[in-house]
Amino acid sequence: MTAGRLYGLGLGPGDPELVTLKALRLLRAVPVVAYPAPETGDSFARRIVAEWLVPAQREIAVRFPMRPGPPPAEIYERAAAEIAAVLAAGQDVAYLCQGDPLFYGSFAGLLQALPGRCPVVVVPGVSSPSACAAAAAMPLVQRDEALAVIPATLPEAELARRIAAADAAAIVKLGRHFLKLRRILEKLRLLDAALYVEHASWPSERVMPLAAVDPAGVPYFATALVRRRGGG
Ligand SMILES: C[S@@+](CC[C@H](N)C(=O)[O-])C[C@H]1O[C@@H](n2cnc3c(N)ncnc32)[C@H](O)[C@@H]1O
């Protein structure tokens, strides 16, 4: 029997219109879909494409604890074993990914945990830095500038060092790390060069100067764009 294929489907930042035609075609063709989800409640990746799921499709929710730090390896191992069994039985599986599958996504962890080799096809998706720059109508980088993508989860001194060294930065995973970031930007005199983008491409999208953000209400799906030279 021919083994099934594992598809990593990038679904973009949240607006269903930003799902690619290829991801949509494959999504509708596979007998099994898998996706990351919180311990209780809905998967955000699934929600992006909920209207296109086929009732006969089997669904595998891979549930991750919503606490800081890397998820336990057993979660990936269990999910990989379940998915590998489906593939070995000859069925294709699509793993749904918010944004791009290989840009800070659980798909990378799943790939590493798969026992043995299986055919894998990755469909790229619009990642959050591109979606946030589009929401802000702000170039990420121009000419000879380099872009740094920096997680706000880093310790304060390291975060400051990386921001200080960057021409331009997309700082992801804000949430409860927002105040730390704001403090750093103030110290580096970059607060006025920082834009805040929340829920890019969702109906609740907000774009504003980072200095104007209420730190109490910063969600996980928020990104800061910092560009030292502004006009490039
Ligand atoms: C674990 S990373 C996942 C990135 C995703 N795979 C991608 O390609 O964008 C999650 C971080 O990406 C950023 N992010 C993802 N979607 C976003 C959106 N729609 N608006 C703003 N930031 C977003 C946030 O900083 C969030 O904390």
# chains A, B, ... in the order shown; residues from 1 in each chain; ligands from 1
call {"tool": "residues_around", "arguments": {"residues": "Arg117 in chain A", "least_positions_apart": "2", "cutoff": "12 Å", "atoms": "only C-alpha atoms", "output": "short mmCIF file (atom, residue, chain, number, x, y, z; two decimals) with C-alpha atoms, in the first residue's frame"}}
result
data_model
loop_
_atom_site.label_atom_id
_atom_site.label_comp_id
_atom_site.auth_asym_id
_atom_site.auth_seq_id
_atom_site.Cartn_x
_atom_site.Cartn_y
_atom_site.Cartn_z
CA ALA A 3 1.68 5.65 2.27
CA GLY A 4 -0.44 8.78 2.53
CA ARG A 5 1.02 12.26 2.30
CA LEU A 6 1.29 14.76 5.09
CA ALA A 80 3.00 12.25 15.33
CA ALA A 84 1.85 8.37 11.18
CA LEU A 87 -0.44 7.84 6.74
CA ALA A 88 0.70 4.22 6.98
CA LEU A 111 7.74 17.01 11.54
CA GLN A 112 10.61 16.40 13.94
CA ALA A 113 8.55 13.93 15.97
CA LEU A 114 7.33 11.84 13.03
CA PRO A 115 8.67 8.32 13.36
CA PRO A 119 6.06 12.09 2.00
CA VAL A 120 5.56 15.69 3.16
#
call {"tool": "residues_around", "arguments": {"residues": "Ala148 in chain A", "least_positions_apart": "5", "cutoff": "12 Å", "atoms": "only C-alpha atoms", "output": "short mmCIF file (atom, residue, chain, number, x, y, z; two decimals) with N, CA and C atoms, in the first residue's frame"}}
result
data_model
loop_
_atom_site.label_atom_id
_atom_site.label_comp_id
_atom_site.auth_asym_id
_atom_site.auth_seq_id
_atom_site.Cartn_x
_atom_site.Cartn_y
_atom_site.Cartn_z
N PRO A 129 4.49 38.76 9.86
CA PRO A 129 5.14 40.04 9.53
C PRO A 129 4.58 40.66 8.25
N LEU A 140 8.26 46.67 5.31
CA LEU A 140 9.01 45.98 6.37
C LEU A 140 10.48 46.38 6.30
N VAL A 141 11.02 46.31 5.07
CA VAL A 141 12.42 46.67 4.82
C VAL A 141 12.54 47.19 3.38
N LEU A 159 16.58 40.70 24.54
CA LEU A 159 15.61 41.35 23.65
C LEU A 159 16.12 42.74 23.27
N ARG A 161 19.19 43.80 23.27
CA ARG A 161 20.40 43.70 22.43
C ARG A 161 20.01 43.45 20.97
N ARG A 162 19.04 42.56 20.77
CA ARG A 162 18.67 42.22 19.39
C ARG A 162 17.94 43.37 18.71
N ILE A 163 17.09 44.06 19.46
CA ILE A 163 16.38 45.20 18.85
C ILE A 163 17.39 46.31 18.51
N ALA A 164 18.33 46.54 19.42
CA ALA A 164 19.32 47.61 19.20
C ALA A 164 20.15 47.32 17.95
N ALA A 165 20.35 46.04 17.64
CA ALA A 165 21.21 45.67 16.51
C ALA A 165 20.45 45.65 15.17
N ALA A 166 19.13 45.79 15.21
CA ALA A 166 18.34 45.58 13.98
C ALA A 166 18.09 46.88 13.22
N ASP A 167 18.14 46.80 11.87
CA ASP A 167 17.68 47.93 11.05
C ASP A 167 16.17 48.07 11.20
N ALA A 168 15.53 46.90 11.12
CA ALA A 168 14.07 46.85 11.20
C ALA A 168 13.72 45.55 11.90
N ALA A 169 12.63 45.58 12.66
CA ALA A 169 12.28 44.37 13.41
C ALA A 169 10.78 44.16 13.43
N ALA A 170 10.40 42.88 13.35
CA ALA A 170 9.03 42.47 13.64
C ALA A 170 9.13 41.71 14.95
N ILE A 171 8.49 42.24 15.99
CA ILE A 171 8.60 41.62 17.31
C ILE A 171 7.28 40.90 17.59
N VAL A 172 7.38 39.57 17.70
CA VAL A 172 6.18 38.73 17.80
C VAL A 172 5.99 38.22 19.24
N ALA A 224 4.78 43.98 16.98
CA ALA A 224 5.32 45.34 16.89
C ALA A 224 6.24 45.41 15.68
N LEU A 225 6.09 46.48 14.91
CA LEU A 225 7.00 46.72 13.78
C LEU A 225 7.84 47.94 14.12
N VAL A 226 9.15 47.75 14.08
CA VAL A 226 10.05 48.85 14.44
C VAL A 226 10.97 49.08 13.27
N ARG A 227 11.02 50.31 12.82
CA ARG A 227 11.89 50.59 11.68
C ARG A 227 12.70 51.83 11.98
N ARG A 228 14.00 51.60 12.13
CA ARG A 228 14.89 52.66 12.59
C ARG A 228 14.90 53.87 11.66
#
call {"tool": "closest_atom_pairs", "arguments": {"of": "chain A", "to": "ligand 1", "cutoff": "8 Å", "atoms": "only C-alpha atoms and all ligand atoms", "output": "tab-separated table"}}
result
residue	atom	partner	partner_atom_place_in_ligand_line	distance
A:Gly10	CA	ligand 1	8 (O)	7.6
A:Gly12	CA	ligand 1	8 (O)	6.8
A:Pro13	CA	ligand 1	19 (N)	4.3
A:Gly14	CA	ligand 1	19 (N)	5.7
A:Cys97	CA	ligand 1	6 (N)	6.5
A:Gln98	CA	ligand 1	6 (N)	5.3
A:Gly99	CA	ligand 1	8 (O)	3.3
A:Asp100	CA	ligand 1	8 (O)	3.7
A:Pro101	CA	ligand 1	6 (N)	5.6
A:Leu102	CA	ligand 1	6 (N)	6.7
A:Phe103	CA	ligand 1	6 (N)	4.7
A:Tyr104	CA	ligand 1	1 (C)	4.8
A:Gly105	CA	ligand 1	6 (N)	4.5
A:Ser106	CA	ligand 1	1 (C)	7.7
A:Gly125	CA	ligand 1	8 (O)	6.8
A:Val126	CA	ligand 1	8 (O)	6.4
A:Ser127	CA	ligand 1	8 (O)	3.5
A:Ser128	CA	ligand 1	9 (O)	3.5
A:Pro129	CA	ligand 1	9 (O)	6.6
A:Ala131	CA	ligand 1	19 (N)	6.8
A:Cys132	CA	ligand 1	21 (C)	5.9
A:Pro151	CA	ligand 1	25 (O)	7.7
A:Ile171	CA	ligand 1	25 (O)	6.6
A:Val172	CA	ligand 1	25 (O)	3.3
A:Lys173	CA	ligand 1	27 (O)	3.1
A:Leu174	CA	ligand 1	25 (O)	5.7
A:Gly175	CA	ligand 1	27 (O)	7.1
A:Val197	CA	ligand 1	21 (C)	5.6
A:Glu198	CA	ligand 1	21 (C)	4.7
A:His199	CA	ligand 1	20 (N)	3.7
A:Ala200	CA	ligand 1	20 (N)	3.7
A:Ser201	CA	ligand 1	19 (N)	5.9
A:Trp202	CA	ligand 1	19 (N)	6.6
A:Glu205	CA	ligand 1	20 (N)	7.5
A:Pro219	CA	ligand 1	27 (O)	8.0
A:Tyr220	CA	ligand 1	27 (O)	4.6
A:Phe221	CA	ligand 1	24 (C)	4.1
A:Ala222	CA	ligand 1	22 (N)	3.9
A:Thr223	CA	ligand 1	25 (O)	4.2
A:Ala224	CA	ligand 1	25 (O)	7.6
call {"tool": "write_last_selection", "arguments": {"atoms": "N, CA, C and O atoms", "output": "compact mmCIF listing (two decimals), in the first residue's frame"}}
result
# COMPACT_ATOMS: atom_id res chain seq x y z
N GLY A 10 -0.38 26.15 5.16
CA GLY A 10 -0.36 27.51 5.70
C GLY A 10 -1.66 28.19 5.32
O GLY A 10 -2.04 28.19 4.14
N GLY A 12 -2.53 31.44 6.42
CA GLY A 12 -2.47 32.90 6.51
C GLY A 12 -2.90 33.40 7.88
O GLY A 12 -3.19 32.63 8.79
N PRO A 13 -2.93 34.74 8.02
CA PRO A 13 -3.06 35.35 9.35
C PRO A 13 -4.44 35.28 9.97
O PRO A 13 -4.60 35.55 11.16
N GLY A 14 -5.46 34.95 9.22
CA GLY A 14 -6.79 34.86 9.84
C GLY A 14 -7.95 35.13 8.91
O GLY A 14 -9.01 34.55 9.04
N CYS A 97 -2.28 25.15 9.65
CA CYS A 97 -1.37 26.05 10.36
C CYS A 97 -1.80 27.50 10.14
O CYS A 97 -1.95 27.95 9.00
N GLN A 98 -1.92 28.24 11.22
CA GLN A 98 -2.15 29.68 11.09
C GLN A 98 -0.88 30.30 10.50
O GLN A 98 0.23 29.87 10.84
N GLY A 99 -1.01 31.26 9.62
CA GLY A 99 0.17 31.88 9.03
C GLY A 99 0.89 30.91 8.10
O GLY A 99 0.27 30.21 7.29
N ASP A 100 2.20 30.83 8.28
CA ASP A 100 3.02 29.92 7.48
C ASP A 100 3.43 28.72 8.35
O ASP A 100 3.78 28.90 9.52
N PRO A 101 3.42 27.51 7.78
CA PRO A 101 3.69 26.32 8.61
C PRO A 101 5.09 26.29 9.22
O PRO A 101 5.29 25.70 10.27
N LEU A 102 6.06 26.91 8.54
CA LEU A 102 7.44 26.77 9.00
C LEU A 102 7.96 28.05 9.64
O LEU A 102 9.16 28.23 9.82
N PHE A 103 7.04 28.95 9.98
CA PHE A 103 7.41 30.19 10.65
C PHE A 103 6.81 30.15 12.06
O PHE A 103 5.64 30.46 12.25
N TYR A 104 7.62 29.72 13.04
CA TYR A 104 7.17 29.61 14.44
C TYR A 104 5.88 28.81 14.59
O TYR A 104 4.98 29.23 15.30
N GLY A 105 5.78 27.70 13.91
CA GLY A 105 4.52 26.96 14.03
C GLY A 105 4.74 25.58 14.63
O GLY A 105 5.86 25.05 14.65
N SER A 106 3.66 24.96 15.11
CA SER A 106 3.77 23.62 15.70
C SER A 106 4.05 22.57 14.64
O SER A 106 4.45 21.45 14.96
N GLY A 125 2.09 29.90 3.65
CA GLY A 125 0.97 30.80 3.89
C GLY A 125 1.49 32.20 4.15
O GLY A 125 2.68 32.39 4.41
N VAL A 126 0.62 33.20 4.12
CA VAL A 126 1.01 34.58 4.44
C VAL A 126 1.37 34.62 5.92
O VAL A 126 0.55 34.29 6.77
N SER A 127 2.61 34.98 6.23
CA SER A 127 3.04 34.97 7.63
C SER A 127 2.74 36.32 8.29
O SER A 127 2.46 37.32 7.61
N SER A 128 2.82 36.33 9.62
CA SER A 128 2.37 37.52 10.35
C SER A 128 3.16 38.79 10.03
O SER A 128 2.53 39.86 9.93
N PRO A 129 4.49 38.76 9.86
CA PRO A 129 5.14 40.04 9.53
C PRO A 129 4.58 40.66 8.25
O PRO A 129 4.34 41.88 8.18
N ALA A 131 1.56 40.14 6.96
CA ALA A 131 0.18 40.57 7.20
C ALA A 131 0.16 41.88 8.00
O ALA A 131 -0.67 42.76 7.74
N CYS A 132 1.07 41.99 8.97
CA CYS A 132 1.09 43.20 9.81
C CYS A 132 1.58 44.41 9.00
O CYS A 132 1.04 45.52 9.14
N PRO A 151 11.26 37.24 19.00
CA PRO A 151 10.18 36.93 19.95
C PRO A 151 10.31 37.78 21.22
O PRO A 151 11.39 37.86 21.81
N ILE A 171 8.49 42.24 15.99
CA ILE A 171 8.60 41.62 17.31
C ILE A 171 7.28 40.90 17.59
O ILE A 171 6.22 41.53 17.64
N VAL A 172 7.38 39.57 17.70
CA VAL A 172 6.18 38.73 17.80
C VAL A 172 5.99 38.22 19.24
O VAL A 172 6.86 38.40 20.09
N LYS A 173 4.82 37.60 19.46
CA LYS A 173 4.47 37.00 20.76
C LYS A 173 4.43 38.07 21.86
O LYS A 173 5.09 37.92 22.90
N LEU A 174 3.68 39.13 21.63
CA LEU A 174 3.68 40.24 22.60
C LEU A 174 2.95 39.87 23.89
O LEU A 174 3.57 39.65 24.90
N GLY A 175 1.62 39.82 23.87
CA GLY A 175 0.84 39.46 25.06
C GLY A 175 1.40 40.08 26.33
O GLY A 175 1.63 41.29 26.40
N VAL A 197 0.47 46.27 15.77
CA VAL A 197 -0.58 45.69 14.93
C VAL A 197 -1.19 44.50 15.66
O VAL A 197 -0.49 43.54 15.99
N GLU A 198 -2.48 44.59 15.91
CA GLU A 198 -3.19 43.52 16.63
C GLU A 198 -4.18 42.88 15.67
O GLU A 198 -4.86 43.57 14.92
N HIS A 199 -4.24 41.54 15.68
CA HIS A 199 -5.25 40.81 14.89
C HIS A 199 -5.25 41.22 13.42
O HIS A 199 -6.32 41.46 12.85
N ALA A 200 -4.07 41.29 12.81
CA ALA A 200 -3.99 41.70 11.40
C ALA A 200 -4.88 40.82 10.53
O ALA A 200 -4.86 39.59 10.66
N SER A 201 -5.68 41.45 9.72
CA SER A 201 -6.59 40.82 8.75
C SER A 201 -7.87 40.27 9.37
O SER A 201 -8.70 39.72 8.67
N TRP A 202 -8.04 40.38 10.70
CA TRP A 202 -9.28 39.93 11.32
C TRP A 202 -10.25 41.13 11.35
O TRP A 202 -9.81 42.29 11.28
N GLU A 205 -9.05 43.88 13.71
CA GLU A 205 -7.69 44.44 13.48
C GLU A 205 -7.55 45.85 14.06
O GLU A 205 -8.45 46.67 13.91
N PRO A 219 -3.17 41.30 23.33
CA PRO A 219 -3.36 39.85 23.17
C PRO A 219 -2.10 39.17 22.62
O PRO A 219 -1.13 39.84 22.24
N TYR A 220 -2.17 37.88 22.52
CA TYR A 220 -1.06 37.10 21.96
C TYR A 220 -0.88 37.41 20.47
O TYR A 220 0.24 37.52 19.96
N PHE A 221 -1.99 37.57 19.75
CA PHE A 221 -1.90 37.81 18.30
C PHE A 221 -1.66 39.30 18.04
O PHE A 221 -2.51 39.99 17.48
N ALA A 222 -0.53 39.78 18.47
CA ALA A 222 -0.15 41.18 18.27
C ALA A 222 1.34 41.23 17.97
O ALA A 222 2.12 40.43 18.51
N THR A 223 1.72 42.16 17.11
CA THR A 223 3.10 42.25 16.64
C THR A 223 3.52 43.73 16.65
O THR A 223 2.71 44.60 16.35
N ALA A 224 4.78 43.98 16.98
CA ALA A 224 5.32 45.34 16.89
C ALA A 224 6.24 45.41 15.68
O ALA A 224 7.04 44.50 15.45
call {"tool": "atom_distance", "arguments": {"atom1": "CA of Ala160 in chain A", "atom2": "CA of Leu188 in chain A"}}
result
8.0 Å
call {"tool": "closest_residue", "arguments": {"among": "A:Arg63, A:His177, A:Arg58, A:Arg143", "to": "Ala94 in chain A", "atoms": "only C-alpha atoms"}}
result
A:Arg58
